[in-house]
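**Student:** Here it is, the structure in full.
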Amino acid sequence: TLSSSFDNAYYLNRQSHFESNARSYPRKFPISIKSAQGVWLTDVEGKSYLDCLAGAGTLALGHNHPNVVNAIKSVLDSQLPLHTLDLTTPLKDQFSQTVLNLLPGHPDEWRLQFCGPTGADANEAAFKLAKTVTGQATIISFTGGYHGMTNGTLSTTGNLGAKNPIQGLMPYVQFMPYPYSYRCPLGLGGELGAEALANLFERFLDDVESGVTKPAAVILEAIQGEGGVIPAPTSWLKRIREVTERLGIILILDEVQAGIGRSGQFFAFEESGIVPDMIVMSKAIGGGLPMSLVAYRSNLDVWQPGAHTGTFRGNQLAMATGLATLEMINQHGVLEHVNVVGNLLKSGLVKLQKKYACIGEVRGRGLMLGIEIVDTQGAADKLGSLPYAPELAVNLQKACFNLGLVAERGGRHGAVLRFLPPLIISHHEVEQVLQKLDQALMMVCQ
Ligand code: PLP
């Protein structure tokens, strides 16, 4: 039988052929899931887990939401084709119109490009379109950013660990420091650090502009997800938009993880009031099924028919589940709910931070939250930030898991425990997350 203890079950899991992911041992969840409903998973032994990973934010409405299940059934029960490639269907039209209506400004200001099933597919398409429009090659990305695992997106992923052994990455990629205030690369932090980093960005781009290679695009996440749940300060985002606009450089907002309501607004960049040139969507936009797309400003519409293709663009089932998800978000107060329960979870995490010194910082917005685990024995840096404590974070994640709470790690050295529960998590379930985490912290961090 499968053991529900993390260590034994991992051993068993590793022997199977399903475990081909390169992520290291403590990041895996070695259970076999028999059923799932809402925020809950049940394994083959009948043990329940509160799922604060939710397919890395994919399951906005939780597991097996009736509207999502019915959407799949209605496609199957109707005579709709499962796939049409370039031919449209009423469902495709309705889905596209719904997405266009959610974009900033007027729907006519935007075009949609359906991509393959993954976020990486859509980021690749965004790079390709930006390069076509500008005739330039360089993509500017940020330290700690995550944009995917294909060659081009990995090249722009600012996590050196993930790409160290890989040769032949996409050339013409430049990294700039992201405003990670808790560990500010300039040793400043807060608004001062954000301003200094925006100045650095501006000077760098001005220099590049006066040289031979003007960048094609800048790509960033308004809240870094895999990078450790790091929201970019509003002032910094506004400056990045001003500078890119002034220099005519395309700004791509990767909303694959933070978008579709997770931050408490439909897109995470909305908090700052900026409007990017391209918005990349995946994960929750397909309501739990694989789909990705890029929304781009209509003035960038230079592609001739056939310039960008791919067999599995815009799958019908994923459009049906995506539409069900968008309708819930639009019509049933999901964003308000995310803000209320998100604040409840965040204030609970802040209370735990006061109780346990190993929580260095609580970060995030809405239901995209993280706690940075630190080494309390280490010497603090200039900002008073303690060293990373990756092993402690692993042990905390394991303790949570054994108590029936699934949360993912991320961030530099994997020292950030991340909470991305389904957006429909209830007040009571948030309390249960906090109770389990409190118990785990008591076991590991005292
Ligand atoms: N962009 C962001 C912000 C992500 O978080 C991810 C995945 O976690 C991706 C892109 C890549 O998406 P995919 O894994 O579907 O290729």
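Chain labels follow the order of the structure tokens: the first chain is A, the next B, and so on; residue numbering restarts at 1 in every chain, and ligands are counted from 1 in their shown order.
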Write out as an mmCIF file with C-alpha atoms, in the first residue's frame which residues come within 12 Å of A:Val208 when counting only C-alpha atoms, dropping same-chain ones fewer than 4 positions away.
**Tutor:**
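Listing of part.cif after writing:
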```cif
data_model
loop_
_atom_site.group_PDB
_atom_site.id
_atom_site.type_symbol
_atom_site.label_atom_id
_atom_site.label_comp_id
_atom_site.auth_asym_id
_atom_site.auth_seq_id
_atom_site.Cartn_x
_atom_site.Cartn_y
_atom_site.Cartn_z
ATOM 1 C CA THR A 138 17.024 41.615 -27.660
ATOM 2 C CA ILE A 140 15.106 42.219 -21.502
ATOM 3 C CA GLN A 174 19.667 40.843 -21.005
ATOM 4 C CA PHE A 201 16.771 50.366 -15.861
ATOM 5 C CA GLU A 202 16.213 53.730 -17.505
ATOM 6 C CA ARG A 203 19.916 54.510 -17.802
ATOM 7 C CA PHE A 204 20.665 51.072 -19.159
ATOM 8 C CA VAL A 212 23.298 49.721 -32.150
ATOM 9 C CA THR A 213 20.901 47.300 -30.521
ATOM 10 C CA LYS A 214 17.598 48.582 -29.382
ATOM 11 C CA PRO A 215 15.678 45.883 -27.450
ATOM 12 C CA ALA A 216 12.588 44.345 -28.994
ATOM 13 C CA LEU A 247 11.669 54.446 -26.206
ATOM 14 C CA ILE A 249 10.019 49.140 -26.591
#
```
**Student:** Give me the residues near stretch 424-433 of chain A as an MDAnalysis selection string, where near means some atom within 10 Å (using only C-alpha atoms) and where sequence neighbours in that chain fewer than 3 positions away do not count.
**Tutor:** chainID A and resid 38:40 50:52 59:62 65 334:335 337:338 340:342 344:346 348:349 367 400 404:407 419 421 436:438
**Student:** Extract, using only C-alpha atoms, all DNA, RNA and protein residues at most 9 Å from stretch 125-135 of chain A, discarding same-chain residues fewer than 2 positions from it, and format them as a count of residues only.
**Tutor:** 32
**Student:** From a backbone DSSP assignment, name each residue in stretch 176-382 of chain A labelled strand (DSSP E), as a PyMOL selection string.
**Tutor:** chain A and resi 176+217-220+223-224+230-231+250-254+278-281+293-297+359-365+368-373
**Student:** Can you write out as a Markdown table which residues of chain A fall within 10 Å of ligand 1, alongside each residue's closest atom pair and its distance in Å to one decimal, counting only C-alpha atoms and all ligand atoms and ordering rows by chain and ascending residue number?
**Tutor:**
```
| residue | atom | partner | partner_atom_place_in_ligand_line | distance |
| --- | --- | --- | --- | --- |
| A:Gly55 | CA | ligand 1 | 8 (O) | 9.3 |
| A:Ala56 | CA | ligand 1 | 8 (O) | 6.5 |
| A:Gly57 | CA | ligand 1 | 8 (O) | 8.5 |
| A:Thr58 | CA | ligand 1 | 15 (O) | 9.4 |
| A:Gly116 | CA | ligand 1 | 15 (O) | 9.3 |
| A:Pro117 | CA | ligand 1 | 15 (O) | 7.0 |
| A:Thr118 | CA | ligand 1 | 15 (O) | 3.6 |
| A:Gly119 | CA | ligand 1 | 12 (O) | 3.4 |
| A:Ala120 | CA | ligand 1 | 16 (O) | 3.7 |
| A:Asp121 | CA | ligand 1 | 16 (O) | 6.5 |
| A:Ala122 | CA | ligand 1 | 16 (O) | 8.2 |
| A:Asn123 | CA | ligand 1 | 10 (C) | 7.0 |
| A:Glu124 | CA | ligand 1 | 16 (O) | 9.8 |
| A:Gly145 | CA | ligand 1 | 3 (C) | 7.4 |
| A:Tyr146 | CA | ligand 1 | 2 (C) | 5.3 |
| A:His147 | CA | ligand 1 | 10 (C) | 3.7 |
| A:Gly148 | CA | ligand 1 | 11 (C) | 3.8 |
| A:Met149 | CA | ligand 1 | 16 (O) | 6.3 |
| A:Thr150 | CA | ligand 1 | 16 (O) | 7.6 |
| A:Thr153 | CA | ligand 1 | 10 (C) | 7.9 |
| A:Leu154 | CA | ligand 1 | 11 (C) | 9.3 |
| A:Thr157 | CA | ligand 1 | 1 (N) | 8.9 |
| A:Leu220 | CA | ligand 1 | 3 (C) | 8.2 |
| A:Glu221 | CA | ligand 1 | 3 (C) | 6.1 |
| A:Ala222 | CA | ligand 1 | 3 (C) | 9.1 |
| A:Ile223 | CA | ligand 1 | 3 (C) | 8.3 |
| A:Gln224 | CA | ligand 1 | 3 (C) | 6.7 |
| A:Gly225 | CA | ligand 1 | 5 (O) | 5.6 |
| A:Glu226 | CA | ligand 1 | 5 (O) | 5.8 |
| A:Gly227 | CA | ligand 1 | 5 (O) | 8.7 |
| A:Leu253 | CA | ligand 1 | 3 (C) | 9.0 |
| A:Asp254 | CA | ligand 1 | 3 (C) | 5.5 |
| A:Glu255 | CA | ligand 1 | 3 (C) | 6.0 |
| A:Val256 | CA | ligand 1 | 2 (C) | 4.7 |
| A:Gln257 | CA | ligand 1 | 5 (O) | 4.5 |
| A:Ala258 | CA | ligand 1 | 3 (C) | 7.0 |
| A:Gly259 | CA | ligand 1 | 3 (C) | 8.9 |
| A:Val280 | CA | ligand 1 | 1 (N) | 8.1 |
| A:Met281 | CA | ligand 1 | 1 (N) | 8.4 |
| A:Ser282 | CA | ligand 1 | 15 (O) | 6.5 |
| A:Lys283 | CA | ligand 1 | 15 (O) | 6.4 |
| A:Pro290 | CA | ligand 1 | 15 (O) | 7.9 |
| A:Met291 | CA | ligand 1 | 15 (O) | 8.4 |
| A:Ser292 | CA | ligand 1 | 15 (O) | 7.9 |
```
**Student:** Within 8 Å of stretch 85-90 of chain A, counting only C-alpha atoms, which residues qualify if same-chain residues fewer than 6 places away don't, as a ChimeraX atom specification?
**Tutor:** /A:311-314
**Student:** For the structure I just gave you, how does DSSP split stretch 22-132 of chain A - specifically, which residues are helix (DSSP H, G or I)? Reply as JSON, numbers by chain.
**Tutor:** {"A": [25, 26, 27, 54, 55, 56, 57, 66, 67, 68, 69, 70, 71, 72, 73, 74, 75, 76, 77, 90, 91, 92, 93, 94, 95, 96, 97, 98, 99, 100, 101, 102, 107, 108, 109, 119, 120, 121, 122, 123, 124, 125, 126, 127, 128, 129, 130, 131, 132]}
**Student:** Taking N, CA and C atoms for each residue, export the selection above as a short mmCIF file (atom, residue, chain, number, x, y, z; two decimals), in the first residue's frame.
**Tutor:**
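Full text of result03.cif as output:
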```cif
data_model
loop_
_atom_site.label_atom_id
_atom_site.label_comp_id
_atom_site.auth_asym_id
_atom_site.auth_seq_id
_atom_site.Cartn_x
_atom_site.Cartn_y
_atom_site.Cartn_z
N TYR A 25 13.83 16.30 -4.76
CA TYR A 25 12.99 15.50 -3.88
C TYR A 25 11.98 16.27 -3.04
N PRO A 26 12.39 17.25 -2.26
CA PRO A 26 11.40 17.80 -1.34
C PRO A 26 10.30 18.57 -2.03
N ARG A 27 10.46 18.85 -3.29
CA ARG A 27 9.46 19.66 -3.96
C ARG A 27 8.30 18.81 -4.46
N ALA A 54 -3.04 24.04 -6.14
CA ALA A 54 -4.09 24.18 -7.15
C ALA A 54 -3.53 24.19 -8.58
N GLY A 55 -2.68 23.21 -8.86
CA GLY A 55 -2.10 23.12 -10.21
C GLY A 55 -1.31 24.38 -10.53
N ALA A 56 -0.52 24.85 -9.56
CA ALA A 56 0.24 26.10 -9.68
C ALA A 56 -0.67 27.26 -10.11
N GLY A 57 -1.83 27.31 -9.48
CA GLY A 57 -2.74 28.44 -9.73
C GLY A 57 -3.69 28.21 -10.89
N PRO A 66 -18.67 22.39 -10.36
CA PRO A 66 -19.78 21.91 -11.21
C PRO A 66 -19.89 22.67 -12.53
N ASN A 67 -19.62 23.97 -12.52
CA ASN A 67 -19.74 24.73 -13.78
C ASN A 67 -18.69 24.28 -14.80
N VAL A 68 -17.52 23.95 -14.29
CA VAL A 68 -16.44 23.51 -15.17
C VAL A 68 -16.75 22.11 -15.71
N VAL A 69 -17.20 21.25 -14.83
CA VAL A 69 -17.54 19.88 -15.25
C VAL A 69 -18.68 19.93 -16.26
N ASN A 70 -19.70 20.75 -15.98
CA ASN A 70 -20.84 20.86 -16.91
C ASN A 70 -20.42 21.43 -18.25
N ALA A 71 -19.46 22.34 -18.22
CA ALA A 71 -18.98 22.93 -19.48
C ALA A 71 -18.36 21.85 -20.36
N ILE A 72 -17.60 20.97 -19.74
CA ILE A 72 -16.97 19.88 -20.52
C ILE A 72 -18.08 18.96 -21.07
N LYS A 73 -19.02 18.63 -20.17
CA LYS A 73 -20.11 17.74 -20.61
C LYS A 73 -20.88 18.35 -21.76
N SER A 74 -21.13 19.67 -21.68
CA SER A 74 -21.97 20.27 -22.72
C SER A 74 -21.26 20.25 -24.07
N VAL A 75 -19.94 20.37 -24.08
CA VAL A 75 -19.23 20.25 -25.37
C VAL A 75 -19.37 18.82 -25.89
N LEU A 76 -19.19 17.88 -24.97
CA LEU A 76 -19.23 16.47 -25.40
C LEU A 76 -20.64 16.07 -25.86
N ASP A 77 -21.66 16.64 -25.17
CA ASP A 77 -23.04 16.29 -25.52
C ASP A 77 -23.51 17.00 -26.79
N PRO A 90 -19.04 28.98 -32.52
CA PRO A 90 -19.69 29.95 -31.64
C PRO A 90 -19.00 30.01 -30.27
N LEU A 91 -18.53 28.87 -29.79
CA LEU A 91 -17.85 28.83 -28.49
C LEU A 91 -16.55 29.64 -28.52
N LYS A 92 -15.81 29.46 -29.61
CA LYS A 92 -14.53 30.18 -29.76
C LYS A 92 -14.79 31.69 -29.82
N ASP A 93 -15.83 32.08 -30.56
CA ASP A 93 -16.17 33.50 -30.67
C ASP A 93 -16.55 34.07 -29.31
N GLN A 94 -17.37 33.29 -28.59
CA GLN A 94 -17.84 33.78 -27.29
C GLN A 94 -16.68 33.89 -26.30
N PHE A 95 -15.82 32.88 -26.33
CA PHE A 95 -14.66 32.91 -25.43
C PHE A 95 -13.77 34.12 -25.76
N SER A 96 -13.48 34.30 -27.05
CA SER A 96 -12.60 35.40 -27.46
C SER A 96 -13.21 36.74 -27.04
N GLN A 97 -14.51 36.90 -27.27
CA GLN A 97 -15.15 38.17 -26.93
C GLN A 97 -15.10 38.41 -25.43
N THR A 98 -15.29 37.35 -24.66
CA THR A 98 -15.24 37.49 -23.19
C THR A 98 -13.85 37.93 -22.75
N VAL A 99 -12.82 37.33 -23.33
CA VAL A 99 -11.44 37.72 -22.97
C VAL A 99 -11.20 39.18 -23.38
N LEU A 100 -11.60 39.53 -24.61
CA LEU A 100 -11.37 40.90 -25.09
C LEU A 100 -12.05 41.92 -24.18
N ASN A 101 -13.24 41.58 -23.69
CA ASN A 101 -13.96 42.51 -22.81
C ASN A 101 -13.26 42.70 -21.47
N LEU A 102 -12.41 41.76 -21.10
CA LEU A 102 -11.73 41.86 -19.81
C LEU A 102 -10.42 42.65 -19.89
N PRO A 107 -12.23 46.80 -26.36
CA PRO A 107 -11.84 45.51 -26.97
C PRO A 107 -11.19 45.66 -28.34
N ASP A 108 -11.60 46.71 -29.11
CA ASP A 108 -11.04 46.88 -30.46
C ASP A 108 -9.55 47.23 -30.43
N GLU A 109 -9.06 47.64 -29.25
CA GLU A 109 -7.63 47.99 -29.15
C GLU A 109 -6.74 46.77 -29.09
N GLY A 119 1.99 28.04 -20.99
CA GLY A 119 2.44 29.42 -20.82
C GLY A 119 3.68 29.69 -21.65
N ALA A 120 4.56 28.71 -21.69
CA ALA A 120 5.80 28.88 -22.46
C ALA A 120 5.49 29.11 -23.94
N ASP A 121 4.51 28.39 -24.48
CA ASP A 121 4.12 28.59 -25.89
C ASP A 121 3.74 30.04 -26.14
N ALA A 122 2.96 30.58 -25.21
CA ALA A 122 2.47 31.94 -25.41
C ALA A 122 3.59 32.96 -25.26
N ASN A 123 4.51 32.73 -24.31
CA ASN A 123 5.64 33.66 -24.19
C ASN A 123 6.52 33.61 -25.44
N GLU A 124 6.71 32.41 -25.98
CA GLU A 124 7.48 32.29 -27.23
C GLU A 124 6.82 33.12 -28.34
N ALA A 125 5.49 33.01 -28.42
CA ALA A 125 4.77 33.75 -29.46
C ALA A 125 4.94 35.26 -29.24
N ALA A 126 4.90 35.67 -27.96
CA ALA A 126 5.05 37.10 -27.66
C ALA A 126 6.43 37.60 -28.08
N PHE A 127 7.47 36.81 -27.82
CA PHE A 127 8.83 37.22 -28.23
C PHE A 127 8.89 37.33 -29.75
N LYS A 128 8.31 36.33 -30.40
CA LYS A 128 8.39 36.28 -31.86
C LYS A 128 7.67 37.49 -32.47
N LEU A 129 6.50 37.81 -31.92
CA LEU A 129 5.75 38.95 -32.46
C LEU A 129 6.52 40.25 -32.19
N ALA A 130 7.08 40.39 -30.98
CA ALA A 130 7.83 41.61 -30.65
C ALA A 130 9.03 41.76 -31.59
N LYS A 131 9.68 40.66 -31.89
CA LYS A 131 10.84 40.71 -32.78
C LYS A 131 10.40 41.05 -34.21
N THR A 132 9.24 40.54 -34.61
CA THR A 132 8.74 40.83 -35.96
C THR A 132 8.38 42.31 -36.07
#
```
**Student:** Might you pull out every residue within 9 Å of A:Ala389, with only C-alpha atoms counted and same-chain residues fewer than 4 positions away left off, and present them as number ranges by chain?
**Tutor:** A: 358, 372-376, 393-394, 413-415
**Student:** So which one's closest to A:Gly378, A:Gly360, A:Gly366, A:Gly190, A:Gly228? Using only C-alpha atoms, please.
**Tutor:**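 Nearest candidate to A:Gly378 out of A:Gly360, A:Gly366, A:Gly190, A:Gly228: A:Gly360.
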**Student:** So what do you get for atom CA of A:Ala399 versus atom CA of A:Ile230, distance-wise?
**Tutor:**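 Computing the Euclidean distance for atom CA of A:Ala399 and atom CA of A:Ile230 yields 24.1 Å.
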**Student:** Which is closer to A:Gln37 than all the others in A:Ser210, A:Asn64, A:Gln304, A:Gln167, using only C-alpha atoms?
**Tutor:**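 Among the listed residues, A:Asn64 lies closest to A:Gln37.
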**Student:** Which residues are close to A:Lys355, i.e. within 10 Å by only C-alpha atoms, leaving aside same-chain residues fewer than 4 positions away? Reply as a list of chain:residue names.
**Tutor:** A:Leu349, A:Val350, A:Lys351, A:Ile359, A:Asp438, A:Leu441, A:Met442, A:Gln446
**Student:** Go through A:Gln377, A:Leu317, A:Tyr388, A:Ala268 one by one, measure the shortest atom-to-atom distance of each to A:Leu82 using only C-alpha atoms, and give the residue with the smallest value.
**Tutor:**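 Nearest candidate to A:Leu82 out of A:Gln377, A:Leu317, A:Tyr388, A:Ala268: A:Leu317.
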**Student:** Give me the residues within 12 Å of A:Arg183 as a ChimeraX atom specification, counting only C-alpha atoms and dropping any in the same chain fewer than 3 places off.
**Tutor:** /A:144,177-180,186-190,193-194,228,230,360-361,372,374,380-388,411-412
**Student:** Enter the distance from atom CA of A:Val173 to atom CA of A:Phe142, in Å, rounded to one decimal.
**Tutor:** 10.1 Å
**Student:** Rounded to one decimal in Å, what is the spacing between atom CA of A:Glu270 and atom CA of A:Arg365?
**Tutor:** 12.3 Å
